[in-house]
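Below is the file data_18.txt, which contains compact mmCIF, C-alpha atoms.
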```
# COMPACT_ATOMS: atom_id res chain seq x y z
CA MET A 127 152.91 -2.81 92.92
CA MET A 128 153.63 -1.35 89.54
CA TRP A 129 156.64 0.45 90.93
CA LEU A 130 158.50 -2.78 91.53
CA GLN A 131 157.74 -4.04 88.08
CA ALA A 132 158.95 -0.74 86.71
CA VAL A 133 162.19 -1.06 88.65
CA ALA A 134 162.77 -4.54 87.29
CA LEU A 135 161.90 -3.55 83.75
CA GLY A 136 164.13 -0.53 84.02
CA ALA A 137 166.96 -2.76 85.04
CA MET A 138 166.36 -4.96 82.03
CA VAL A 139 166.34 -2.02 79.68
CA THR A 140 169.51 -0.69 81.19
CA LEU A 141 171.18 -4.01 80.65
CA ALA A 142 170.08 -4.24 77.06
CA GLY A 143 172.21 -1.24 76.30
CA GLY A 144 174.60 -2.20 78.99
CA PRO A 145 178.28 -2.47 79.47
CA ALA A 146 180.52 -4.28 77.06
CA ALA A 147 182.43 -5.91 79.86
CA VAL A 148 180.00 -8.76 80.35
CA PHE A 149 181.47 -12.22 79.96
CA ALA A 150 184.74 -10.58 80.86
CA GLN A 151 185.94 -13.16 83.30
CA ASP A 152 188.96 -15.11 82.47
CA GLY A 153 187.41 -18.39 83.46
CA SER A 154 190.28 -19.23 85.76
CA SER A 155 189.27 -21.81 88.29
CA ASP A 156 190.71 -20.03 91.28
CA GLY A 157 188.61 -16.97 90.68
CA ALA A 158 191.58 -14.69 91.26
CA GLU A 159 192.69 -11.70 89.26
CA ARG A 160 189.44 -11.24 87.47
CA LYS A 161 189.25 -7.97 85.65
CA PRO A 162 186.91 -6.59 83.05
CA ALA A 163 188.27 -7.56 79.65
CA PRO A 164 188.36 -4.76 77.12
CA ALA A 165 186.28 -5.41 74.08
CA ALA A 166 188.60 -5.64 71.10
CA ASP A 167 186.79 -3.22 68.87
CA ALA A 168 185.25 -1.02 71.51
CA PRO A 169 186.46 2.52 72.02
CA ALA A 170 188.63 3.07 75.06
CA PRO A 171 186.51 3.97 78.03
CA ALA A 172 186.82 7.37 79.57
CA GLY A 173 189.71 7.33 81.98
CA THR A 174 187.75 8.40 85.01
CA ALA A 175 184.99 5.88 84.54
CA ALA A 176 187.41 3.06 83.89
CA ALA A 177 189.44 3.91 86.94
CA ALA A 178 186.33 4.01 89.09
CA GLN A 179 185.28 0.61 87.78
CA GLU A 180 188.68 -0.91 88.47
CA ASP A 181 188.73 0.61 91.94
CA ASP A 182 185.32 -0.73 92.82
CA PRO A 183 185.94 -3.31 95.55
CA ASP A 184 182.66 -4.95 94.65
CA MET A 185 184.41 -6.24 91.52
CA ASP A 186 186.89 -8.23 93.58
CA PRO A 187 186.24 -11.94 94.03
CA ASN A 188 185.14 -12.87 97.52
CA PRO A 189 186.18 -16.46 98.25
CA ALA A 190 184.15 -16.55 101.47
CA GLN A 191 180.97 -15.35 99.79
CA PRO A 192 181.19 -16.36 96.17
CA ASP A 193 177.52 -16.03 95.28
CA PHE A 194 174.38 -14.02 95.90
CA THR A 195 172.51 -16.92 97.43
CA VAL A 196 173.36 -19.95 99.54
CA VAL A 197 170.82 -22.43 98.19
CA ASN A 198 167.71 -20.26 98.32
CA LEU A 199 168.50 -17.60 100.90
CA PRO A 200 170.32 -14.39 100.04
CA THR A 201 173.88 -13.58 101.04
CA THR A 202 175.44 -10.16 101.53
CA LEU A 203 177.61 -10.37 98.44
CA ARG A 204 177.49 -7.04 96.69
CA LEU A 205 176.71 -6.81 93.01
CA PRO A 206 178.83 -4.12 91.33
CA ARG A 207 177.03 -1.14 89.94
CA HIS A 208 175.58 -1.74 86.49
CA LYS A 209 176.71 -5.36 86.50
CA SER A 210 174.41 -8.33 86.58
CA ALA A 211 174.06 -12.01 87.35
CA PHE A 212 171.83 -14.83 86.25
CA ARG A 213 170.76 -17.98 88.07
CA VAL A 214 168.82 -21.10 87.23
CA THR A 215 167.22 -23.10 90.03
CA HIS A 216 165.96 -26.59 89.43
CA ARG A 217 164.12 -28.83 91.93
CA PHE A 218 163.17 -32.27 90.68
CA ALA A 219 159.77 -33.44 91.86
CA ARG A 220 160.47 -37.09 92.66
CA PRO A 221 161.13 -37.72 96.35
CA LEU A 222 164.38 -39.60 96.69
CA GLY A 223 162.84 -41.91 99.28
CA SER A 224 159.92 -42.92 97.11
CA GLY A 225 160.04 -46.52 95.93
CA ASP A 226 163.01 -48.83 96.07
CA PHE A 227 166.52 -48.10 94.93
CA GLY A 228 165.90 -49.82 91.60
CA SER A 229 163.06 -47.47 90.71
CA LEU A 230 165.12 -44.51 91.88
CA LEU A 231 167.89 -45.64 89.58
CA GLU A 232 165.42 -46.11 86.73
CA ASP A 233 164.36 -42.50 87.26
CA PHE A 234 168.02 -41.53 87.43
CA PHE A 235 167.65 -40.19 90.96
CA GLY A 236 164.62 -38.17 90.00
CA LEU A 237 166.15 -36.45 87.01
CA ASP A 238 163.54 -38.06 84.75
CA SER A 239 160.77 -36.45 86.76
CA GLY A 240 159.16 -33.12 86.33
CA ALA A 241 160.74 -30.22 88.10
CA GLN A 242 160.13 -26.77 89.43
CA ILE A 243 162.46 -24.51 87.54
CA GLY A 244 163.35 -20.95 88.38
CA LEU A 245 165.07 -18.30 86.29
CA GLU A 246 166.57 -15.30 87.99
CA TYR A 247 168.23 -12.14 86.84
CA ARG A 248 169.68 -9.46 89.11
CA PHE A 249 171.20 -6.11 88.34
CA GLY A 250 173.38 -3.70 90.32
CA LEU A 251 171.37 -0.51 90.34
CA PHE A 252 173.74 1.48 92.55
CA ARG A 253 176.80 0.55 94.52
CA GLY A 254 175.48 -1.82 97.18
CA THR A 255 171.98 -1.95 95.74
CA GLN A 256 170.72 -4.72 93.54
CA VAL A 257 167.31 -5.46 92.11
CA GLY A 258 166.12 -8.58 90.38
CA ILE A 259 163.38 -10.83 89.17
CA HIS A 260 162.91 -14.52 89.78
CA ARG A 261 160.26 -16.62 88.10
CA THR A 262 159.47 -20.21 88.95
CA SER A 263 157.66 -22.66 86.72
CA ASP A 264 154.60 -22.76 88.96
CA ARG A 265 154.02 -19.30 87.50
CA THR A 266 155.23 -17.38 90.52
CA ILE A 267 157.09 -14.17 89.80
CA GLU A 268 159.22 -12.55 92.47
CA PHE A 269 160.70 -9.07 92.36
CA PHE A 270 163.36 -8.22 94.86
CA ALA A 271 165.61 -5.36 95.93
CA GLN A 272 168.53 -5.58 98.31
CA HIS A 273 170.71 -2.89 99.78
CA ASP A 274 173.92 -3.68 101.61
CA LEU A 275 174.39 -1.46 104.61
CA LEU A 276 177.57 -2.84 106.12
CA ARG A 277 180.48 -4.71 104.66
CA GLN A 278 182.54 -6.82 107.04
CA ASP A 279 186.05 -5.43 107.36
CA GLY A 280 188.54 -4.48 110.02
CA GLU A 281 186.14 -2.01 111.57
CA ARG A 282 182.85 -3.83 111.17
CA PRO A 283 182.60 -7.36 112.54
CA PHE A 284 179.79 -8.48 110.26
CA GLY A 285 178.00 -7.71 107.04
CA LEU A 286 174.45 -6.45 106.91
CA ALA A 287 171.95 -6.09 104.11
CA VAL A 288 168.27 -5.24 104.02
CA LEU A 289 165.94 -6.50 101.38
CA ALA A 290 162.37 -6.35 100.18
CA THR A 291 160.68 -8.84 97.91
CA ILE A 292 157.25 -9.44 96.55
CA ASP A 293 156.12 -12.53 94.76
CA GLY A 294 152.83 -13.16 93.04
CA THR A 295 151.20 -16.37 91.91
CA ASN A 296 149.73 -16.92 88.46
CA ASN A 297 152.25 -14.59 86.84
CA PHE A 298 151.71 -11.95 89.51
CA ARG A 299 147.97 -11.83 88.89
CA ASP A 300 146.62 -13.67 91.94
CA SER A 301 147.85 -13.74 95.50
CA ARG A 302 150.87 -11.53 96.19
CA THR A 303 153.31 -12.04 99.03
CA PRO A 304 155.57 -9.17 100.05
CA ALA A 305 158.44 -9.63 102.46
CA VAL A 306 160.98 -7.45 104.19
CA GLY A 307 164.00 -8.54 106.11
CA ALA A 308 167.69 -8.40 106.72
CA VAL A 309 170.69 -10.59 106.10
CA VAL A 310 173.48 -10.69 108.65
CA SER A 311 176.67 -12.41 107.57
CA TYR A 312 179.88 -13.31 109.25
CA GLN A 313 182.86 -14.34 107.16
CA PHE A 314 185.57 -16.62 108.44
CA GLY A 315 188.45 -15.21 106.49
CA GLU A 316 188.36 -17.02 103.16
CA LEU A 317 186.96 -20.23 104.68
CA GLY A 318 183.32 -19.38 104.24
CA ALA A 319 180.51 -17.52 105.88
CA VAL A 320 177.43 -18.00 108.03
CA TYR A 321 174.17 -16.15 107.68
CA ALA A 322 171.10 -15.27 109.69
CA SER A 323 168.17 -13.77 107.83
CA PRO A 324 165.18 -12.59 109.84
CA MET A 325 162.28 -11.97 107.48
CA TYR A 326 158.69 -10.89 107.77
CA VAL A 327 156.54 -12.37 105.03
CA ASN A 328 153.08 -10.92 104.57
CA ASN A 329 150.21 -12.90 103.05
CA SER A 330 152.22 -16.11 103.11
CA ASN A 331 148.96 -18.00 103.29
CA LEU A 332 147.47 -18.02 99.81
CA LEU A 333 143.91 -18.38 101.03
CA PRO A 334 141.77 -15.28 101.55
CA GLU A 335 142.20 -13.76 104.99
CA GLU A 336 138.60 -14.63 105.91
CA LEU A 337 139.54 -18.30 105.88
CA VAL A 338 142.78 -18.33 107.82
CA ASP A 339 144.06 -17.73 111.32
CA ASP A 340 147.53 -16.62 110.26
CA ASN A 341 148.29 -14.74 107.10
CA ASP A 342 151.89 -13.76 107.83
CA THR A 343 155.08 -15.59 108.66
CA LEU A 344 158.07 -14.53 110.66
CA LEU A 345 161.06 -16.64 109.78
CA VAL A 346 164.76 -16.70 110.43
CA GLY A 347 166.80 -18.18 107.63
CA LEU A 348 170.05 -19.76 108.75
CA GLY A 349 172.73 -20.61 106.24
CA ALA A 350 176.37 -21.50 105.88
CA ARG A 351 178.86 -21.99 103.11
CA VAL A 352 182.20 -23.64 103.83
CA ARG A 353 185.10 -23.67 101.41
CA ILE A 354 186.60 -27.16 101.46
CA LEU A 355 188.81 -26.76 98.39
CA PRO A 356 189.88 -23.58 96.59
CA THR A 357 186.81 -23.71 94.35
CA VAL A 358 184.56 -26.22 96.11
CA TYR A 359 182.09 -25.42 98.86
CA LEU A 360 179.70 -27.29 101.11
CA LEU A 361 176.59 -25.38 101.96
CA GLY A 362 173.40 -25.71 103.87
CA GLU A 363 170.48 -23.71 105.08
CA TYR A 364 167.48 -24.12 107.34
CA THR A 365 164.56 -21.77 107.62
CA PRO A 366 162.56 -22.11 110.83
CA ARG A 367 159.27 -20.23 110.96
CA VAL A 368 159.21 -18.64 114.38
CA GLY A 369 155.77 -17.08 114.20
CA GLY A 370 152.56 -16.96 112.20
CA TYR A 371 151.57 -19.24 109.35
CA ASP A 372 153.78 -22.31 109.35
CA PRO A 373 152.25 -25.26 107.48
CA ARG A 374 154.07 -28.53 106.89
CA VAL A 375 157.79 -28.47 107.81
CA ASN A 376 160.55 -25.89 107.78
CA LEU A 377 162.43 -25.79 104.50
CA ALA A 378 165.92 -27.22 104.66
CA SER A 379 168.56 -27.63 101.96
CA PHE A 380 172.16 -28.69 101.67
CA GLY A 381 174.52 -29.14 98.80
CA ILE A 382 177.92 -28.95 97.23
CA GLU A 383 179.10 -26.27 94.87
CA LYS A 384 181.89 -25.93 92.35
CA ARG A 385 182.95 -22.57 91.06
CA VAL A 386 184.50 -22.17 87.63
CA GLY A 387 185.32 -18.59 86.87
CA GLY A 388 182.07 -16.67 86.90
CA HIS A 389 179.98 -19.82 86.98
CA ALA A 390 178.81 -21.77 90.00
CA PHE A 391 177.44 -25.27 89.68
CA GLN A 392 175.57 -26.42 92.73
CA LEU A 393 174.05 -29.83 93.42
CA ASN A 394 171.56 -29.64 96.25
CA PHE A 395 169.03 -31.62 98.23
CA SER A 396 165.93 -30.05 99.73
CA ASN A 397 162.80 -31.12 101.54
CA GLY A 398 160.73 -28.84 99.31
CA PHE A 399 160.72 -26.78 96.15
CA GLY A 400 160.58 -23.24 97.51
CA THR A 401 162.98 -20.67 96.11
CA THR A 402 161.08 -17.39 96.58
CA LEU A 403 160.55 -16.00 100.07
CA GLY A 404 156.82 -16.63 99.86
CA GLN A 405 157.44 -20.25 98.92
CA ILE A 406 160.05 -20.61 101.64
CA ALA A 407 157.56 -19.25 104.19
CA ARG A 408 155.10 -21.93 103.14
CA GLY A 409 157.70 -24.52 104.05
CA GLY A 410 158.95 -27.82 102.74
CA ILE A 411 156.90 -30.88 101.84
CA ASP A 412 157.90 -33.35 104.52
CA ASN A 413 161.04 -34.27 106.39
CA ASP A 414 160.82 -37.76 104.87
CA ASP A 415 160.72 -36.40 101.32
CA TRP A 416 163.96 -35.05 99.94
CA PHE A 417 164.40 -33.86 96.40
CA ILE A 418 167.49 -33.53 94.30
CA GLY A 419 168.09 -30.25 92.55
CA PHE A 420 170.68 -27.89 91.21
CA ASN A 421 171.48 -24.23 90.86
CA ILE A 422 173.62 -22.75 88.14
CA SER A 423 174.63 -19.15 88.43
CA ARG A 424 176.63 -16.83 86.26
CA LYS A 425 178.09 -13.45 87.07
CA PHE A 426 178.40 -11.01 84.24
CA PHE A 427 181.41 -9.15 85.53
CA MET B 143 170.20 9.77 98.11
CA ARG B 144 170.71 6.11 97.37
CA VAL B 145 169.85 5.09 100.89
CA PHE B 146 166.74 7.20 100.62
CA VAL B 147 165.70 5.42 97.43
CA CYS B 148 166.29 2.05 99.00
CA ALA B 149 164.42 2.98 102.13
CA THR B 150 161.55 4.16 99.99
CA ILE B 151 161.47 0.87 98.14
CA LEU B 152 161.41 -1.07 101.40
CA LEU B 153 158.74 1.12 102.88
CA ALA B 154 156.58 0.94 99.79
CA ALA B 155 156.82 -2.84 99.85
CA ALA B 156 155.73 -2.92 103.46
CA LEU B 157 152.86 -0.54 102.89
CA GLY B 158 151.73 -2.39 99.82
CA ALA B 159 151.36 -5.55 101.80
CA ALA B 160 147.77 -4.98 102.84
CA ALA B 161 146.21 -5.11 99.39
CA CYS B 162 147.69 -8.31 98.08
CA ASP B 163 145.38 -11.03 99.29
CA GLU B 164 143.30 -13.32 97.15
CA GLN B 165 139.61 -12.49 97.16
CA LEU B 166 137.19 -14.80 98.91
CA SER B 167 134.76 -14.44 96.01
CA ASP B 168 137.37 -16.03 93.74
CA LEU B 169 136.97 -19.23 95.73
CA THR B 170 133.28 -19.36 96.35
CA GLY B 171 132.34 -19.40 92.68
CA PRO B 172 128.59 -19.73 92.27
CA THR B 173 127.94 -17.96 95.58
CA PRO B 174 130.25 -14.93 95.30
CA ASN B 175 128.84 -13.22 98.40
CA LEU B 176 129.36 -16.20 100.67
CA THR B 177 131.27 -15.49 103.88
CA PRO B 178 132.02 -17.64 106.93
CA THR B 179 129.06 -16.41 108.94
CA PHE B 180 125.92 -18.32 109.78
CA SER B 181 123.56 -15.84 108.16
CA SER B 182 125.50 -15.97 104.91
CA ILE B 183 125.67 -19.75 104.86
CA ALA B 184 121.99 -20.07 105.74
CA ASN B 185 120.92 -17.67 103.02
CA ASP B 186 123.39 -18.53 100.23
CA ILE B 187 123.79 -22.28 100.77
CA PHE B 188 120.93 -23.75 102.76
CA ASN B 189 118.12 -21.60 101.46
CA ALA B 190 119.16 -20.91 97.88
CA SER B 191 120.06 -22.76 94.75
CA ASP B 192 123.01 -21.40 92.84
CA SER B 193 124.22 -20.90 89.31
CA SER B 194 126.05 -24.22 89.27
CA GLY B 195 122.70 -26.01 89.35
CA ARG B 196 123.02 -27.07 92.98
CA VAL B 197 119.64 -27.08 94.63
CA GLY B 198 119.05 -25.34 97.93
CA CYS B 199 118.82 -27.56 100.99
CA THR B 200 115.43 -26.16 101.97
CA GLN B 201 113.85 -27.78 98.96
CA CYS B 202 113.63 -30.82 101.24
CA HIS B 203 114.78 -29.70 104.70
CA THR B 204 111.81 -27.49 105.42
CA THR B 205 108.72 -27.32 107.59
CA ALA B 206 106.89 -25.20 105.05
CA GLY B 207 103.36 -26.40 104.35
CA GLY B 208 103.43 -28.54 107.46
CA ARG B 209 106.06 -30.89 106.10
CA THR B 210 108.26 -32.97 108.35
CA PRO B 211 111.87 -32.37 107.28
CA PRO B 212 114.19 -35.35 106.72
CA GLN B 213 115.87 -36.46 109.95
CA GLY B 214 113.98 -33.67 111.70
CA LEU B 215 116.50 -31.21 110.29
CA SER B 216 115.03 -27.95 109.11
CA LEU B 217 117.47 -25.67 107.35
CA GLU B 218 115.22 -22.69 106.96
CA PRO B 219 117.15 -19.60 108.07
CA ALA B 220 115.04 -19.11 111.19
CA LEU B 221 115.35 -22.71 112.34
CA ALA B 222 118.66 -23.96 110.99
CA TYR B 223 120.97 -22.84 113.77
CA ALA B 224 118.95 -24.56 116.49
CA SER B 225 118.73 -27.70 114.34
CA LEU B 226 122.45 -27.91 113.66
CA VAL B 227 124.80 -26.54 116.27
CA GLY B 228 125.48 -28.83 119.19
CA VAL B 229 122.69 -31.18 118.11
CA ALA B 230 123.37 -34.90 117.83
CA SER B 231 122.98 -36.45 114.42
CA ARG B 232 120.11 -38.92 114.08
CA GLN B 233 122.00 -40.97 111.53
CA ARG B 234 125.24 -41.01 113.57
CA PRO B 235 124.15 -40.38 117.18
CA GLY B 236 127.76 -40.30 118.35
CA MET B 237 128.42 -37.19 116.28
CA LEU B 238 127.13 -33.67 116.46
CA ARG B 239 125.69 -32.19 113.32
CA VAL B 240 127.90 -29.19 113.93
CA ALA B 241 130.58 -29.41 116.61
CA PRO B 242 131.71 -25.81 117.21
CA GLY B 243 135.41 -25.45 116.48
CA ASP B 244 135.73 -28.94 114.99
CA PRO B 245 134.70 -29.24 111.34
CA ASP B 246 136.29 -32.66 110.95
CA ASN B 247 133.97 -34.07 113.60
CA SER B 248 130.87 -32.30 112.37
CA TYR B 249 128.43 -34.63 110.62
CA LEU B 250 127.20 -31.80 108.41
CA VAL B 251 130.64 -31.64 106.83
CA HIS B 252 130.77 -35.41 106.40
CA LYS B 253 127.39 -35.42 104.66
CA LEU B 254 128.26 -32.54 102.36
CA GLU B 255 131.66 -33.97 101.47
CA GLY B 256 130.29 -37.48 101.03
CA ARG B 257 132.68 -39.18 103.37
CA ALA B 258 132.74 -42.95 103.71
CA ASP B 259 131.23 -42.92 107.21
CA ILE B 260 127.93 -41.27 106.35
CA VAL B 261 124.61 -43.03 106.54
CA GLY B 262 122.44 -42.54 103.47
CA GLN B 263 123.29 -40.31 100.58
CA ARG B 264 125.70 -37.46 100.13
CA MET B 265 123.91 -34.11 100.22
CA PRO B 266 122.40 -32.56 98.20
CA ARG B 267 120.69 -35.85 97.34
CA THR B 268 120.25 -34.85 93.70
CA ASN B 269 123.55 -36.62 93.01
CA GLY B 270 125.21 -33.35 92.20
CA PRO B 271 126.16 -30.68 91.64
CA PHE B 272 127.58 -30.74 95.15
CA LEU B 273 129.08 -27.86 97.06
CA THR B 274 132.35 -26.65 95.58
CA GLU B 275 135.62 -26.92 97.44
CA GLY B 276 135.54 -23.18 98.06
CA GLN B 277 132.02 -23.31 99.48
CA MET B 278 133.05 -26.16 101.76
CA MET B 279 136.06 -24.16 102.93
CA VAL B 280 133.74 -21.38 104.01
CA ILE B 281 131.46 -23.76 105.93
CA ARG B 282 134.46 -25.38 107.58
CA ARG B 283 135.83 -21.98 108.51
CA TRP B 284 132.53 -20.95 110.10
CA ILE B 285 132.64 -24.10 112.25
CA GLU B 286 136.34 -23.55 113.05
CA LEU B 287 135.51 -20.08 114.31
CA GLY B 288 133.06 -21.53 116.79
CA ALA B 289 129.91 -21.89 114.67
CA ARG B 290 128.55 -18.64 116.00
CA ASN B 291 125.01 -17.49 115.27
CA ASP B 292 126.24 -14.43 113.45
```

Rendering of file as structure tokens:
Amino acid sequence: MMWLQAVALGAMVTLAGGPAAVFAQDGSSDGAERKPAPAADAPAPAGTAAAAQEDDPDMDPNPAQPDFTVVNLPTTLRLPRHKSAFRVTHRFARPLGSGDFGSLLEDFFGLDSGAQIGLEYRFGLFRGTQVGIHRTSDRTIEFFAQHDLLRQDGERPFGLAVLATIDGTNNFRDSRTPAVGAVVSYQFGELGAVYASPMYVNNSNLLPEELVDDNDTLLVGLGARVRILPTVYLLGEYTPRVGGYDPRVNLASFGIEKRVGGHAFQLNFSNGFGTTLGQIARGGIDNDDWFIGFNISRKFF
Amino acid sequence: MRVFVCATILLAAALGAAACDEQLSDLTGPTPNLTPTFSSIANDIFNASDSSGRVGCTQCHTTAGGRTPPQGLSLEPALAYASLVGVASRQRPGMLRVAPGDPDNSYLVHKLEGRADIVGQRMPRTNGPFLTEGQMMVIRRWIELGARND
């Protein structure tokens, strides 16, 4: 699997010498009229390249699909070529239903507890193609690549992307879990979008194959994001496992999100900690155990 | 060209799937060759001590030298299967020593894991080292698969 690591590392290196237009958003709360800001002391870009960048529709804000994920599942939002985005995921480990309300308050709704934290970076390799890396604090590293095949417009009634991921436990040294799948999206104007994501996850069971009946999972991620105010969204997702290894319960999450310029601040509640596809395939903890968490994402364009 | 690159990435990910599993030997520790087959369990667990210091079961459960094994249970490779699978426990007559397909209701598992319902001591009776979690997973898997004489 060295090729995937090479792709991710290549993306990092490219960014290190990358465009000067990062942090170029104006920070306006309505997300409109965002354009790359010229660096004050940078030389003027070549006319052709600059024009191509400004004409790239992937640079335009998409109020129906403002981010690359719902809570954990991918969307079909396109990442502009040679641009990038960063995301932090945080799932606190204290079940909200554990103990009485007083103890929950003493723990500040679980925020005093330990947490599973994820850091993610993605990069637009080509137009419509993004690659990225996501690491969670249980020492799982996920590499992913996504290519958007169809963009919903007047001619095409839905958006479609295909993706491949592979995550490995113990810093990618132990059990590795590849997955392939697709994301189908349907946007309701600027009101929001719904998603269906059929995925095949190989080696979702971390035990050796000699000890298990099912070592793969077929799942269909379902998600929705609804814009209730110009910059506020409600969102939810549910990931039923429809075949293969399906321990515990299906992962479910819901939350509320506020967008501020290129940032998104999301408060969410989940019945598990999974954020990589392998973790999602292994399901949530229990339907009686819900955990508070948050995502913070930042687009660098 | 771009679509080709992406398709290649997807295909490579799919093809790479087969070689990503954890190795059984990583779990079975002091018995790295242990597999969920009867012959392997008989040879590596029942009939052999291992590097953890666990003593082999046949140190006691044997008919060698005309001995009468404890509870009439001989775990020598040639005799163990007939002594275990589908045979009622003497200590807990309501349970089978090995109930094919049902490790949780197999008295062998209860004795090796030291569950609260056992009569007498947890095995091995040397008070440890006991079987590791990985070794127990292999024994449970053999029973789950039907406790075949393989």

Under the rule that only C-alpha atoms are counted, which of B:Met237, B:Leu250, B:Ile285, B:Leu166 is the nearest residue to chain A? B:Leu166

Two-atom distance - CA of Ser248 (chain B), CA of Phe188 (chain B) (Å): 16.3 Å

What are the residues of chain A lining chain B at 12 Å or less? Count all atoms listed in the file, and put the answer as a ChimeraX atom specification. /A:127-133,251-257,269-275,287-296,298-308,325-339,341-342

Find the spatial neighbours of Thr170 (chain B), counting all atoms listed in the file, within a cut-off of 6 Å - ignore same-chain residues fewer than 3 positions away - and output them as a ChimeraX atom specification. /B:167,173-174,276-277

Mind pulling up the distance from CA of Tyr364 (chain A) to CA of Gly250 (chain A)?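 Separation between CA of Gly250 (chain A) and CA of Tyr364 (chain A): 27.2 Å.
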
Compile the contact shell of Thr205 (chain B) as a VMD selection string: residues with an atom at most 10 Å away, counting only C-alpha atoms, same-chain residues fewer than 6 positions apart removed. chain B and resid 211 to 212 214 to 218 221

Residue contacts of region 226-235 of chain B (8 Å, all atoms listed in the file) excluding same-chain residues fewer than 5 positions away, as a list in words: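 These residues fall inside the cut-off: Gln213, Leu215, Val240, Ala241, Pro242, Tyr249, Ile260, Val261 and Ala289 of chain B.
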
What is the CA of Asp193 (chain A) to CA of Thr343 (chain A) distance in Å? 26.1 Å

Of the candidates A:Ser311, A:Ser210, A:Thr365, A:Asn198, which one gets nearest to Leu286 (chain A) if we count only C-alpha atoms?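 The answer is A:Ser311, which sits nearest to Leu286 (chain A).
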
Nearby residues (all atoms listed in the file) at most 7 Å from Phe284 (chain A), same-chain spacing under 5 positions excluded, as a PDB file with C-alpha atoms, keeping the file's coordinate frame:
```pdb
ATOM      1  CA  ARG A 277     180.480  -4.710 104.660  1.00  0.00           C
ATOM      2  CA  GLN A 278     182.540  -6.820 107.040  1.00  0.00           C
ATOM      3  CA  VAL A 310     173.480 -10.690 108.650  1.00  0.00           C
ATOM      4  CA  SER A 311     176.670 -12.410 107.570  1.00  0.00           C
ATOM      5  CA  TYR A 312     179.880 -13.310 109.250  1.00  0.00           C
TER       6      TYR A 312
END
```

For Met185 (chain A), work out the shell of residues within 6 Å, counting only C-alpha atoms and skipping chain neighbours fewer than 2 positions away, then give it as an MDAnalysis selection string. chainID A and resid 182:183 206
